[in-house]
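Colleague: This structure is in structure tokens; I'll ask about it shortly.
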Amino acid sequence: YVGHASPDPLVIDFGILRTAPPELNIAGIGDLFSMHTASHDWAYAQTKGKSEYPFSPEAIERAQKILQMLYGLLGEIRDNTDKGLMAIVEGYIDLNTICLPAGHFRVEEGSEHYLFYELEERLKRPFVHGYIVGLGIYLMSQLQQNRFDFIREAMDEVALPYNPSILDISRDDLIDSLLNLRAYVATRPKLWYTVINDSAFVYYGSGSVWSEYGSLVSSGSFTIGAGSFGLQTGTVSGVLTFDDAVMAVHDEVAGKDTPFILKEDAAACLITT
């Protein structure tokens, strides 16, 4: 970011706002819903002794209160009513009262944004910010095992577009982005510590990776979607979906949380710590 600017006074005309496509107004909630994953990332970093700033449970609690306010007004936001538009405005005002005095936006920016940054650089084109952040929330909340179903349902109820097909992101591009994500953040020291830092994404489609990792995992299998994938896994505890064709499964390997990302052709991405 370059520079700092604040409007004074801030004038809001709901009639003018409603001349915009409703979905663009709805997009404004993306950077507020990101508190769901970003706050989790900050708390996670704290448990690892990696928080870049003094950890503030109060800031996390205040961020959660903003989210609770928004959850109660999803229909109003979806319908672009005065009450719904004001909820987005008040959400950002309250968010800034948390972040500006602290000098950082740790409660609002985390792994969900980092996937967006990687995709934007990879594909060399812009996105509607709230939409692509929504995709990051959708994916990273599953990696975090962080109330995924709840936040997905909230995004669906408010009609926030976040599906990769809507964003014109292909399956292969998304997989490549996920595979590169840890390396991406590792080469950018200004990006804060998140769950991504403890996930190594490795692509495999043959026995080559099993020769390296096979001794770490126990025998097992599971059935998901339209196909049965006979993989050496432990206890499945979560599923990530991309257009009903790509899945990620959170597993226990050597006592650590380990997600898998699976494709319909049974090739997969092994994520280990």
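Following the order of the structure tokens, chains are lettered A, B, ..., residues in each are numbered from 1, and ligands are numbered from 1.
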Write out as a compact mmCIF listing (two decimals) with all heavy atoms, in the first residue's frame each polymer residue whose atoms come within 9 Å of Ser39 in chain A, counting only C-alpha atoms; drop sequence neighbours fewer than 2 positions from it.
Modeller:
# COMPACT_ATOMS: atom_id res chain seq x y z
N SER A 34 -13.88 -11.52 5.73
CA SER A 34 -12.50 -12.02 5.84
C SER A 34 -12.02 -12.02 7.29
O SER A 34 -11.03 -12.69 7.61
CB SER A 34 -11.56 -11.20 4.96
OG SER A 34 -11.44 -9.87 5.43
N MET A 35 -12.71 -11.30 8.15
CA MET A 35 -12.36 -11.36 9.58
C MET A 35 -12.54 -12.76 10.13
O MET A 35 -11.89 -13.15 11.11
CB MET A 35 -13.19 -10.35 10.38
CG MET A 35 -12.82 -8.90 10.14
SD MET A 35 -13.73 -7.74 11.20
CE MET A 35 -15.34 -7.75 10.41
N HIS A 36 -13.41 -13.55 9.51
CA HIS A 36 -13.63 -14.93 9.95
C HIS A 36 -12.34 -15.74 9.86
O HIS A 36 -11.97 -16.46 10.80
CB HIS A 36 -14.72 -15.57 9.09
CG HIS A 36 -14.98 -17.01 9.38
ND1 HIS A 36 -15.78 -17.43 10.43
CD2 HIS A 36 -14.52 -18.14 8.77
CE1 HIS A 36 -15.81 -18.76 10.44
NE2 HIS A 36 -15.07 -19.22 9.45
N THR A 37 -11.66 -15.64 8.74
CA THR A 37 -10.43 -16.41 8.54
C THR A 37 -9.19 -15.67 9.06
O THR A 37 -8.29 -16.29 9.62
CB THR A 37 -10.25 -16.75 7.05
OG1 THR A 37 -10.63 -15.62 6.25
CG2 THR A 37 -11.10 -17.94 6.66
N ASP A 41 -6.33 -16.84 11.68
CA ASP A 41 -4.91 -16.89 11.35
C ASP A 41 -4.06 -16.18 12.41
O ASP A 41 -2.97 -16.65 12.76
CB ASP A 41 -4.66 -16.25 9.98
CG ASP A 41 -4.95 -17.19 8.83
OD1 ASP A 41 -4.69 -18.40 8.96
OD2 ASP A 41 -5.44 -16.72 7.79
N TRP A 42 -4.54 -15.04 12.89
CA TRP A 42 -3.78 -14.30 13.89
C TRP A 42 -3.69 -15.12 15.19
O TRP A 42 -2.61 -15.23 15.79
CB TRP A 42 -4.41 -12.94 14.15
CG TRP A 42 -3.55 -12.02 14.98
CD1 TRP A 42 -2.21 -12.16 15.26
CD2 TRP A 42 -3.97 -10.82 15.62
NE1 TRP A 42 -1.78 -11.11 16.03
CE2 TRP A 42 -2.84 -10.28 16.27
CE3 TRP A 42 -5.19 -10.15 15.70
CZ2 TRP A 42 -2.89 -9.08 16.99
CZ3 TRP A 42 -5.24 -8.96 16.42
CH2 TRP A 42 -4.11 -8.43 17.06
N ALA A 43 -4.81 -15.69 15.60
CA ALA A 43 -4.79 -16.53 16.81
C ALA A 43 -3.89 -17.74 16.60
O ALA A 43 -3.16 -18.15 17.53
CB ALA A 43 -6.21 -16.96 17.15
N TYR A 44 -3.91 -18.31 15.40
CA TYR A 44 -3.05 -19.44 15.08
C TYR A 44 -1.58 -19.04 15.18
O TYR A 44 -0.75 -19.76 15.77
CB TYR A 44 -3.37 -19.97 13.69
CG TYR A 44 -2.48 -21.09 13.22
CD1 TYR A 44 -2.71 -22.40 13.62
CD2 TYR A 44 -1.40 -20.83 12.37
CE1 TYR A 44 -1.88 -23.44 13.20
CE2 TYR A 44 -0.58 -21.87 11.95
CZ TYR A 44 -0.82 -23.17 12.36
OH TYR A 44 0.00 -24.17 11.94
N ALA A 59 -9.27 -7.33 20.35
CA ALA A 59 -9.47 -7.01 18.94
C ALA A 59 -10.20 -8.15 18.24
O ALA A 59 -11.11 -7.91 17.42
CB ALA A 59 -8.12 -6.76 18.27
N ILE A 60 -9.84 -9.38 18.56
CA ILE A 60 -10.53 -10.54 17.97
C ILE A 60 -12.00 -10.52 18.37
O ILE A 60 -12.90 -10.75 17.54
CB ILE A 60 -9.87 -11.85 18.45
CG1 ILE A 60 -8.42 -11.91 18.00
CG2 ILE A 60 -10.69 -13.06 17.98
CD1 ILE A 60 -8.15 -12.52 16.69
N ALA A 63 -13.87 -7.87 16.47
CA ALA A 63 -14.07 -8.29 15.08
C ALA A 63 -15.23 -9.28 15.00
O ALA A 63 -16.06 -9.21 14.07
CB ALA A 63 -12.79 -8.91 14.53
N GLN A 64 -15.31 -10.19 15.97
CA GLN A 64 -16.40 -11.16 15.97
C GLN A 64 -17.76 -10.49 16.17
O GLN A 64 -18.77 -10.92 15.62
CB GLN A 64 -16.16 -12.22 17.05
CG GLN A 64 -14.96 -13.10 16.78
CD GLN A 64 -15.04 -13.81 15.43
OE1 GLN A 64 -16.05 -14.43 15.10
NE2 GLN A 64 -13.98 -13.71 14.65
N ARG A 106 -4.52 -7.00 11.10
CA ARG A 106 -4.33 -8.44 11.31
C ARG A 106 -5.66 -9.18 11.45
O ARG A 106 -5.78 -10.34 11.08
CB ARG A 106 -3.47 -8.64 12.56
CG ARG A 106 -2.76 -9.99 12.71
CD ARG A 106 -1.85 -10.31 11.54
NE ARG A 106 -0.89 -11.36 11.81
CZ ARG A 106 -1.01 -12.63 11.42
NH1 ARG A 106 -2.08 -13.02 10.75
NH2 ARG A 106 -0.07 -13.51 11.66
N VAL A 107 -6.69 -8.53 12.00
CA VAL A 107 -7.97 -9.22 12.18
C VAL A 107 -8.75 -9.37 10.87
O VAL A 107 -9.74 -10.08 10.81
CB VAL A 107 -8.89 -8.52 13.21
CG1 VAL A 107 -8.26 -8.52 14.60
CG2 VAL A 107 -9.25 -7.11 12.77
N GLU A 108 -8.28 -8.69 9.82
CA GLU A 108 -9.05 -8.62 8.58
C GLU A 108 -8.32 -9.18 7.37
O GLU A 108 -8.94 -9.50 6.36
CB GLU A 108 -9.45 -7.15 8.33
CG GLU A 108 -10.30 -6.89 7.10
CD GLU A 108 -9.46 -6.53 5.88
OE1 GLU A 108 -8.29 -6.11 6.06
OE2 GLU A 108 -9.96 -6.68 4.74
N GLU A 109 -7.00 -9.33 7.47
CA GLU A 109 -6.22 -9.80 6.33
C GLU A 109 -5.37 -10.99 6.74
O GLU A 109 -4.58 -10.92 7.68
CB GLU A 109 -5.30 -8.70 5.79
CG GLU A 109 -4.50 -9.13 4.57
CD GLU A 109 -3.64 -8.01 4.01
OE1 GLU A 109 -3.88 -6.83 4.35
OE2 GLU A 109 -2.73 -8.31 3.22
N GLY A 110 -5.54 -12.10 6.01
CA GLY A 110 -4.79 -13.31 6.32
C GLY A 110 -4.73 -14.22 5.11
O GLY A 110 -4.63 -13.76 3.97
Colleague: Report as JSON lines the residues of range 89-142 of chain A within 9 Å of range 178-186 of chain A, each with its shortest atom pair and distance in Å (one decimal), using only C-alpha atoms, ordered by chain and increasing residue number.
Modeller:
{"residue": "A:Tyr114", "atom": "CA", "partner": "A:Val185", "partner_atom": "CA", "distance": 7.3}
{"residue": "A:Leu115", "atom": "CA", "partner": "A:Leu181", "partner_atom": "CA", "distance": 6.8}
{"residue": "A:Glu118", "atom": "CA", "partner": "A:Leu181", "partner_atom": "CA", "distance": 6.9}
Colleague: Please provide as an mmCIF file with all heavy atoms, in the first residue's frame all residues within 12 Å of Tyr131 in chain A, with the sequence filter that same-chain residues fewer than 5 positions apart are discarded (counting only C-alpha atoms).
Modeller:
data_model
loop_
_atom_site.group_PDB
_atom_site.id
_atom_site.type_symbol
_atom_site.label_atom_id
_atom_site.label_comp_id
_atom_site.auth_asym_id
_atom_site.auth_seq_id
_atom_site.Cartn_x
_atom_site.Cartn_y
_atom_site.Cartn_z
ATOM 1 N N GLU A 23 -24.900 -6.683 -7.021
ATOM 2 C CA GLU A 23 -23.835 -7.605 -6.630
ATOM 3 C C GLU A 23 -22.536 -6.873 -6.298
ATOM 4 O O GLU A 23 -21.708 -7.383 -5.531
ATOM 5 C CB GLU A 23 -23.589 -8.644 -7.727
ATOM 6 C CG GLU A 23 -23.157 -8.104 -9.071
ATOM 7 C CD GLU A 23 -24.321 -7.751 -9.987
ATOM 8 O OE1 GLU A 23 -25.458 -7.628 -9.477
ATOM 9 O OE2 GLU A 23 -24.091 -7.611 -11.203
ATOM 10 N N LEU A 24 -22.327 -5.682 -6.863
ATOM 11 C CA LEU A 24 -21.130 -4.922 -6.527
ATOM 12 C C LEU A 24 -21.235 -4.332 -5.126
ATOM 13 O O LEU A 24 -20.233 -4.218 -4.408
ATOM 14 C CB LEU A 24 -20.875 -3.827 -7.564
ATOM 15 C CG LEU A 24 -20.462 -4.309 -8.949
ATOM 16 C CD1 LEU A 24 -20.148 -3.135 -9.864
ATOM 17 C CD2 LEU A 24 -19.250 -5.246 -8.868
ATOM 18 N N ASN A 25 -22.432 -3.921 -4.732
ATOM 19 C CA ASN A 25 -22.616 -3.480 -3.346
ATOM 20 C C ASN A 25 -22.436 -4.647 -2.385
ATOM 21 O O ASN A 25 -21.805 -4.517 -1.330
ATOM 22 C CB ASN A 25 -23.996 -2.852 -3.166
ATOM 23 C CG ASN A 25 -24.096 -1.466 -3.787
ATOM 24 O OD1 ASN A 25 -23.122 -0.726 -3.829
ATOM 25 N ND2 ASN A 25 -25.275 -1.125 -4.290
ATOM 26 N N ILE A 26 -22.965 -5.797 -2.756
ATOM 27 C CA ILE A 26 -22.806 -6.998 -1.924
ATOM 28 C C ILE A 26 -21.332 -7.356 -1.779
ATOM 29 O O ILE A 26 -20.894 -7.831 -0.718
ATOM 30 C CB ILE A 26 -23.599 -8.176 -2.523
ATOM 31 C CG1 ILE A 26 -25.107 -7.898 -2.426
ATOM 32 C CG2 ILE A 26 -23.262 -9.486 -1.827
ATOM 33 C CD1 ILE A 26 -25.969 -8.869 -3.225
ATOM 34 N N ALA A 27 -20.540 -7.096 -2.820
ATOM 35 C CA ALA A 27 -19.108 -7.413 -2.778
ATOM 36 C C ALA A 27 -18.415 -6.730 -1.605
ATOM 37 O O ALA A 27 -17.387 -7.213 -1.115
ATOM 38 C CB ALA A 27 -18.439 -7.011 -4.089
ATOM 39 N N GLY A 28 -18.995 -5.618 -1.148
ATOM 40 C CA GLY A 28 -18.393 -4.909 -0.021
ATOM 41 C C GLY A 28 -18.284 -5.734 1.239
ATOM 42 O O GLY A 28 -17.466 -5.427 2.123
ATOM 43 N N ILE A 29 -19.068 -6.804 1.333
ATOM 44 C CA ILE A 29 -19.032 -7.599 2.556
ATOM 45 C C ILE A 29 -17.851 -8.565 2.573
ATOM 46 O O ILE A 29 -17.486 -9.108 3.622
ATOM 47 C CB ILE A 29 -20.356 -8.367 2.757
ATOM 48 C CG1 ILE A 29 -20.579 -8.685 4.237
ATOM 49 C CG2 ILE A 29 -20.402 -9.633 1.914
ATOM 50 C CD1 ILE A 29 -21.963 -9.204 4.559
ATOM 51 N N GLY A 30 -17.207 -8.759 1.419
ATOM 52 C CA GLY A 30 -16.095 -9.708 1.348
ATOM 53 C C GLY A 30 -14.974 -9.377 2.312
ATOM 54 O O GLY A 30 -14.454 -10.249 3.025
ATOM 55 N N ASP A 31 -14.574 -8.111 2.342
ATOM 56 C CA ASP A 31 -13.482 -7.702 3.211
ATOM 57 C C ASP A 31 -13.911 -7.604 4.672
ATOM 58 O O ASP A 31 -13.068 -7.340 5.533
ATOM 59 C CB ASP A 31 -12.907 -6.358 2.758
ATOM 60 C CG ASP A 31 -11.543 -6.503 2.112
ATOM 61 O OD1 ASP A 31 -11.014 -7.629 2.066
ATOM 62 O OD2 ASP A 31 -10.987 -5.486 1.652
ATOM 63 N N LEU A 32 -15.183 -7.792 4.951
ATOM 64 C CA LEU A 32 -15.648 -7.901 6.341
ATOM 65 C C LEU A 32 -15.731 -9.367 6.749
ATOM 66 O O LEU A 32 -15.280 -9.749 7.830
ATOM 67 C CB LEU A 32 -17.001 -7.211 6.488
ATOM 68 C CG LEU A 32 -16.986 -5.694 6.289
ATOM 69 C CD1 LEU A 32 -18.415 -5.132 6.269
ATOM 70 C CD2 LEU A 32 -16.171 -5.000 7.383
ATOM 71 N N PHE A 33 -16.273 -10.195 5.866
ATOM 72 C CA PHE A 33 -16.291 -11.639 6.148
ATOM 73 C C PHE A 33 -14.870 -12.192 6.308
ATOM 74 O O PHE A 33 -14.677 -13.225 6.955
ATOM 75 C CB PHE A 33 -16.994 -12.386 5.021
ATOM 76 C CG PHE A 33 -18.488 -12.429 5.140
ATOM 77 C CD1 PHE A 33 -19.265 -12.935 4.103
ATOM 78 C CD2 PHE A 33 -19.147 -11.984 6.281
ATOM 79 C CE1 PHE A 33 -20.643 -12.998 4.200
ATOM 80 C CE2 PHE A 33 -20.527 -12.038 6.388
ATOM 81 C CZ PHE A 33 -21.279 -12.540 5.345
ATOM 82 N N SER A 34 -13.879 -11.523 5.726
ATOM 83 C CA SER A 34 -12.504 -12.023 5.844
ATOM 84 C C SER A 34 -12.020 -12.016 7.288
ATOM 85 O O SER A 34 -11.031 -12.688 7.614
ATOM 86 C CB SER A 34 -11.558 -11.201 4.965
ATOM 87 O OG SER A 34 -11.445 -9.866 5.428
ATOM 88 N N GLU A 112 -6.831 -15.866 3.454
ATOM 89 C CA GLU A 112 -7.823 -15.686 2.385
ATOM 90 C C GLU A 112 -7.367 -14.643 1.369
ATOM 91 O O GLU A 112 -7.612 -14.760 0.168
ATOM 92 C CB GLU A 112 -9.190 -15.318 2.977
ATOM 93 C CG GLU A 112 -9.343 -13.911 3.514
ATOM 94 C CD GLU A 112 -8.473 -13.595 4.701
ATOM 95 O OE1 GLU A 112 -8.346 -14.464 5.600
ATOM 96 O OE2 GLU A 112 -7.909 -12.470 4.759
ATOM 97 N N HIS A 113 -6.670 -13.589 1.843
ATOM 98 C CA HIS A 113 -6.145 -12.577 0.935
ATOM 99 C C HIS A 113 -4.918 -13.097 0.184
ATOM 100 O O HIS A 113 -4.696 -12.730 -0.982
ATOM 101 C CB HIS A 113 -5.773 -11.314 1.710
ATOM 102 C CG HIS A 113 -6.906 -10.372 1.941
ATOM 103 N ND1 HIS A 113 -7.893 -10.601 2.877
ATOM 104 C CD2 HIS A 113 -7.219 -9.194 1.328
ATOM 105 C CE1 HIS A 113 -8.762 -9.592 2.855
ATOM 106 N NE2 HIS A 113 -8.381 -8.732 1.920
ATOM 107 N N PHE A 116 -5.743 -14.823 -2.932
ATOM 108 C CA PHE A 116 -6.127 -13.816 -3.918
ATOM 109 C C PHE A 116 -4.887 -13.174 -4.545
ATOM 110 O O PHE A 116 -4.795 -13.028 -5.769
ATOM 111 C CB PHE A 116 -7.024 -12.773 -3.243
ATOM 112 C CG PHE A 116 -6.975 -11.390 -3.820
ATOM 113 C CD1 PHE A 116 -7.093 -11.173 -5.189
ATOM 114 C CD2 PHE A 116 -6.838 -10.288 -2.989
ATOM 115 C CE1 PHE A 116 -7.052 -9.884 -5.716
ATOM 116 C CE2 PHE A 116 -6.801 -9.013 -3.511
ATOM 117 C CZ PHE A 116 -6.903 -8.805 -4.871
ATOM 118 N N PRO A 126 -7.188 -8.326 -12.921
ATOM 119 C CA PRO A 126 -7.838 -7.946 -11.661
ATOM 120 C C PRO A 126 -9.118 -8.737 -11.425
ATOM 121 O O PRO A 126 -9.669 -9.355 -12.343
ATOM 122 C CB PRO A 126 -8.137 -6.465 -11.870
ATOM 123 C CG PRO A 126 -8.371 -6.358 -13.351
ATOM 124 C CD PRO A 126 -7.420 -7.352 -13.991
ATOM 125 N N GLY A 136 -11.231 -17.017 -1.271
ATOM 126 C CA GLY A 136 -10.202 -17.298 -0.281
ATOM 127 C C GLY A 136 -10.784 -17.729 1.050
ATOM 128 O O GLY A 136 -10.289 -18.661 1.697
ATOM 129 N N ILE A 137 -11.863 -17.077 1.473
ATOM 130 C CA ILE A 137 -12.536 -17.460 2.716
ATOM 131 C C ILE A 137 -13.080 -18.876 2.597
ATOM 132 O O ILE A 137 -12.944 -19.696 3.512
ATOM 133 C CB ILE A 137 -13.681 -16.471 3.032
ATOM 134 C CG1 ILE A 137 -13.132 -15.067 3.299
ATOM 135 C CG2 ILE A 137 -14.506 -16.959 4.225
ATOM 136 C CD1 ILE A 137 -14.197 -13.990 3.296
ATOM 137 N N TYR A 138 -13.689 -19.162 1.461
ATOM 138 C CA TYR A 138 -14.277 -20.486 1.205
ATOM 139 C C TYR A 138 -13.230 -21.586 1.336
ATOM 140 O O TYR A 138 -13.474 -22.627 1.962
ATOM 141 C CB TYR A 138 -14.895 -20.472 -0.186
ATOM 142 C CG TYR A 138 -15.409 -21.799 -0.681
ATOM 143 C CD1 TYR A 138 -16.584 -22.344 -0.191
ATOM 144 C CD2 TYR A 138 -14.721 -22.506 -1.665
ATOM 145 C CE1 TYR A 138 -17.059 -23.561 -0.662
ATOM 146 C CE2 TYR A 138 -15.189 -23.718 -2.142
ATOM 147 C CZ TYR A 138 -16.359 -24.237 -1.636
ATOM 148 O OH TYR A 138 -16.835 -25.449 -2.094
ATOM 149 N N MET A 155 -22.171 -16.681 3.176
ATOM 150 C CA MET A 155 -21.848 -16.096 1.870
ATOM 151 C C MET A 155 -22.910 -16.439 0.841
ATOM 152 O O MET A 155 -23.265 -15.601 0.000
ATOM 153 C CB MET A 155 -20.466 -16.568 1.415
ATOM 154 C CG MET A 155 -19.321 -16.018 2.240
ATOM 155 S SD MET A 155 -17.678 -16.228 1.482
ATOM 156 C CE MET A 155 -17.527 -18.019 1.473
ATOM 157 N N ASP A 156 -23.442 -17.653 0.910
ATOM 158 C CA ASP A 156 -24.507 -18.040 -0.012
ATOM 159 C C ASP A 156 -25.785 -17.245 0.254
ATOM 160 O O ASP A 156 -26.454 -16.796 -0.681
ATOM 161 C CB ASP A 156 -24.792 -19.536 0.107
ATOM 162 C CG ASP A 156 -23.689 -20.398 -0.489
ATOM 163 O OD1 ASP A 156 -22.866 -19.866 -1.256
ATOM 164 O OD2 ASP A 156 -23.652 -21.604 -0.163
ATOM 165 N N ALA A 159 -25.646 -13.880 -1.057
ATOM 166 C CA ALA A 159 -25.453 -13.912 -2.517
ATOM 167 C C ALA A 159 -24.130 -13.273 -2.939
ATOM 168 O O ALA A 159 -24.051 -12.579 -3.960
ATOM 169 C CB ALA A 159 -26.624 -13.245 -3.237
ATOM 170 N N LEU A 160 -23.083 -13.529 -2.150
ATOM 171 C CA LEU A 160 -21.746 -13.073 -2.528
ATOM 172 C C LEU A 160 -21.180 -14.026 -3.573
ATOM 173 O O LEU A 160 -21.008 -15.208 -3.304
ATOM 174 C CB LEU A 160 -20.825 -13.040 -1.300
ATOM 175 C CG LEU A 160 -19.371 -12.643 -1.570
ATOM 176 C CD1 LEU A 160 -19.284 -11.180 -2.000
ATOM 177 C CD2 LEU A 160 -18.500 -12.892 -0.340
ATOM 178 N N PRO A 161 -20.878 -13.558 -4.782
ATOM 179 C CA PRO A 161 -20.311 -14.456 -5.796
ATOM 180 C C PRO A 161 -18.865 -14.814 -5.436
ATOM 181 O O PRO A 161 -18.023 -13.929 -5.308
ATOM 182 C CB PRO A 161 -20.365 -13.622 -7.081
ATOM 183 C CG PRO A 161 -21.306 -12.498 -6.796
ATOM 184 C CD PRO A 161 -21.148 -12.228 -5.326
ATOM 185 N N TYR A 162 -18.574 -16.095 -5.276
ATOM 186 C CA TYR A 162 -17.211 -16.504 -4.951
ATOM 187 C C TYR A 162 -16.810 -17.790 -5.664
ATOM 188 O O TYR A 162 -15.656 -18.222 -5.546
ATOM 189 C CB TYR A 162 -17.050 -16.690 -3.434
ATOM 190 C CG TYR A 162 -17.905 -17.805 -2.855
ATOM 191 C CD1 TYR A 162 -17.443 -19.113 -2.811
ATOM 192 C CD2 TYR A 162 -19.181 -17.537 -2.368
ATOM 193 C CE1 TYR A 162 -18.234 -20.134 -2.292
ATOM 194 C CE2 TYR A 162 -19.980 -18.548 -1.854
ATOM 195 C CZ TYR A 162 -19.501 -19.834 -1.806
ATOM 196 O OH TYR A 162 -20.282 -20.858 -1.305
ATOM 197 N N ASN A 163 -17.730 -18.402 -6.403
ATOM 198 C CA ASN A 163 -17.400 -19.641 -7.089
ATOM 199 C C ASN A 163 -16.337 -19.392 -8.145
ATOM 200 O O ASN A 163 -16.405 -18.404 -8.876
ATOM 201 C CB ASN A 163 -18.654 -20.226 -7.738
ATOM 202 C CG ASN A 163 -18.443 -21.619 -8.262
ATOM 203 O OD1 ASN A 163 -17.777 -21.808 -9.282
ATOM 204 N ND2 ASN A 163 -19.004 -22.607 -7.582
ATOM 205 N N PRO A 164 -15.324 -20.265 -8.268
ATOM 206 C CA PRO A 164 -14.267 -20.065 -9.265
ATOM 207 C C PRO A 164 -14.796 -19.903 -10.682
ATOM 208 O O PRO A 164 -14.233 -19.136 -11.469
ATOM 209 C CB PRO A 164 -13.411 -21.329 -9.134
ATOM 210 C CG PRO A 164 -13.663 -21.816 -7.751
ATOM 211 C CD PRO A 164 -15.078 -21.454 -7.429
ATOM 212 N N SER A 165 -15.878 -20.605 -11.030
ATOM 213 C CA SER A 165 -16.405 -20.490 -12.391
ATOM 214 C C SER A 165 -16.940 -19.092 -12.653
ATOM 215 O O SER A 165 -16.804 -18.565 -13.764
ATOM 216 C CB SER A 165 -17.500 -21.535 -12.624
ATOM 217 O OG SER A 165 -18.584 -21.352 -11.737
ATOM 218 N N ILE A 166 -17.532 -18.470 -11.639
ATOM 219 C CA ILE A 166 -18.014 -17.091 -11.785
ATOM 220 C C ILE A 166 -16.840 -16.144 -11.980
ATOM 221 O O ILE A 166 -16.920 -15.167 -12.729
ATOM 222 C CB ILE A 166 -18.849 -16.680 -10.557
ATOM 223 C CG1 ILE A 166 -20.129 -17.520 -10.471
ATOM 224 C CG2 ILE A 166 -19.183 -15.185 -10.595
ATOM 225 C CD1 ILE A 166 -20.940 -17.272 -9.219
ATOM 226 N N LEU A 167 -15.730 -16.442 -11.317
ATOM 227 C CA LEU A 167 -14.540 -15.607 -11.399
ATOM 228 C C LEU A 167 -13.675 -15.955 -12.611
ATOM 229 O O LEU A 167 -12.609 -15.364 -12.801
ATOM 230 C CB LEU A 167 -13.711 -15.763 -10.122
ATOM 231 C CG LEU A 167 -14.416 -15.369 -8.824
ATOM 232 C CD1 LEU A 167 -13.573 -15.732 -7.619
ATOM 233 C CD2 LEU A 167 -14.731 -13.890 -8.817
ATOM 234 N N ASP A 168 -14.133 -16.920 -13.401
ATOM 235 C CA ASP A 168 -13.393 -17.378 -14.584
ATOM 236 C C ASP A 168 -12.004 -17.896 -14.200
ATOM 237 O O ASP A 168 -11.007 -17.621 -14.867
ATOM 238 C CB ASP A 168 -13.274 -16.252 -15.616
ATOM 239 C CG ASP A 168 -12.856 -16.773 -16.990
ATOM 240 O OD1 ASP A 168 -13.114 -17.955 -17.281
ATOM 241 O OD2 ASP A 168 -12.254 -15.993 -17.758
ATOM 242 N N ILE A 169 -11.958 -18.650 -13.117
ATOM 243 C CA ILE A 169 -10.727 -19.305 -12.674
ATOM 244 C C ILE A 169 -10.873 -20.794 -12.964
ATOM 245 O O ILE A 169 -11.796 -21.439 -12.461
ATOM 246 C CB ILE A 169 -10.478 -19.087 -11.176
ATOM 247 C CG1 ILE A 169 -10.317 -17.597 -10.865
ATOM 248 C CG2 ILE A 169 -9.232 -19.865 -10.711
ATOM 249 C CD1 ILE A 169 -10.240 -17.283 -9.386
#
Colleague: At most 10 Å is the cut-off: for each residue in range 45-113 of chain A with any atom that close to an atom of range 1-15 of chain A, write down the nearest atom pair and the distance in Å rounded to one decimal, counting only C-alpha atoms, chain first then increasing number, as a tab-separated table.
Modeller:
residue	atom	partner	partner_atom	distance
A:Asn80	CA	A:Phe14	CA	9.0
A:Thr81	CA	A:Phe14	CA	8.4
A:Asp82	CA	A:Phe14	CA	6.2
A:Lys83	CA	A:Phe14	CA	9.6
A:Leu85	CA	A:Phe14	CA	7.4
A:Met86	CA	A:Phe14	CA	8.5
A:Val89	CA	A:Ile12	CA	8.9
Colleague: Out of A:Asp173, A:Asp198, A:Leu100, A:Leu17, which residue has the shortest atom-to-atom distance to Ile88 in chain A when counting only C-alpha atoms?
Modeller: A:Leu17
Colleague: Would you list, as a PyMOL selection string, the residues of range 44-214 of chain A that end up in strand (DSSP E) under DSSP run on this structure's backbone?
Modeller: chain A and resi 200-204
Colleague: Of the residues A:Val133, A:Leu143, A:Phe148, A:Ala154, which is the one nearest to Gly72 in chain A, using only C-alpha atoms?
Modeller: A:Ala154
Colleague: Under the rule that only C-alpha atoms are counted, which of A:Arg171, A:Lys190, A:Lys48, A:Lys65 is the nearest residue to Asp94 in chain A?
Modeller: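 Residue with the minimum atom-to-atom distance to Asp94 in chain A: A:Lys65.
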Colleague: Which residue, A:Thr19, A:Leu74, A:His104, A:Gln68, has the smallest gap to Glu153 in chain A when you use only C-alpha atoms?
Modeller: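 Closest to Glu153 in chain A of all the choices is A:Leu74.
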Colleague: Going by DSSP on the backbone, which bits of range 140-180 of chain A are helix (DSSP H, G or I)? Write them as a PyMOL selection string, please.
Modeller: chain A and resi 140-143+148-157+171-180
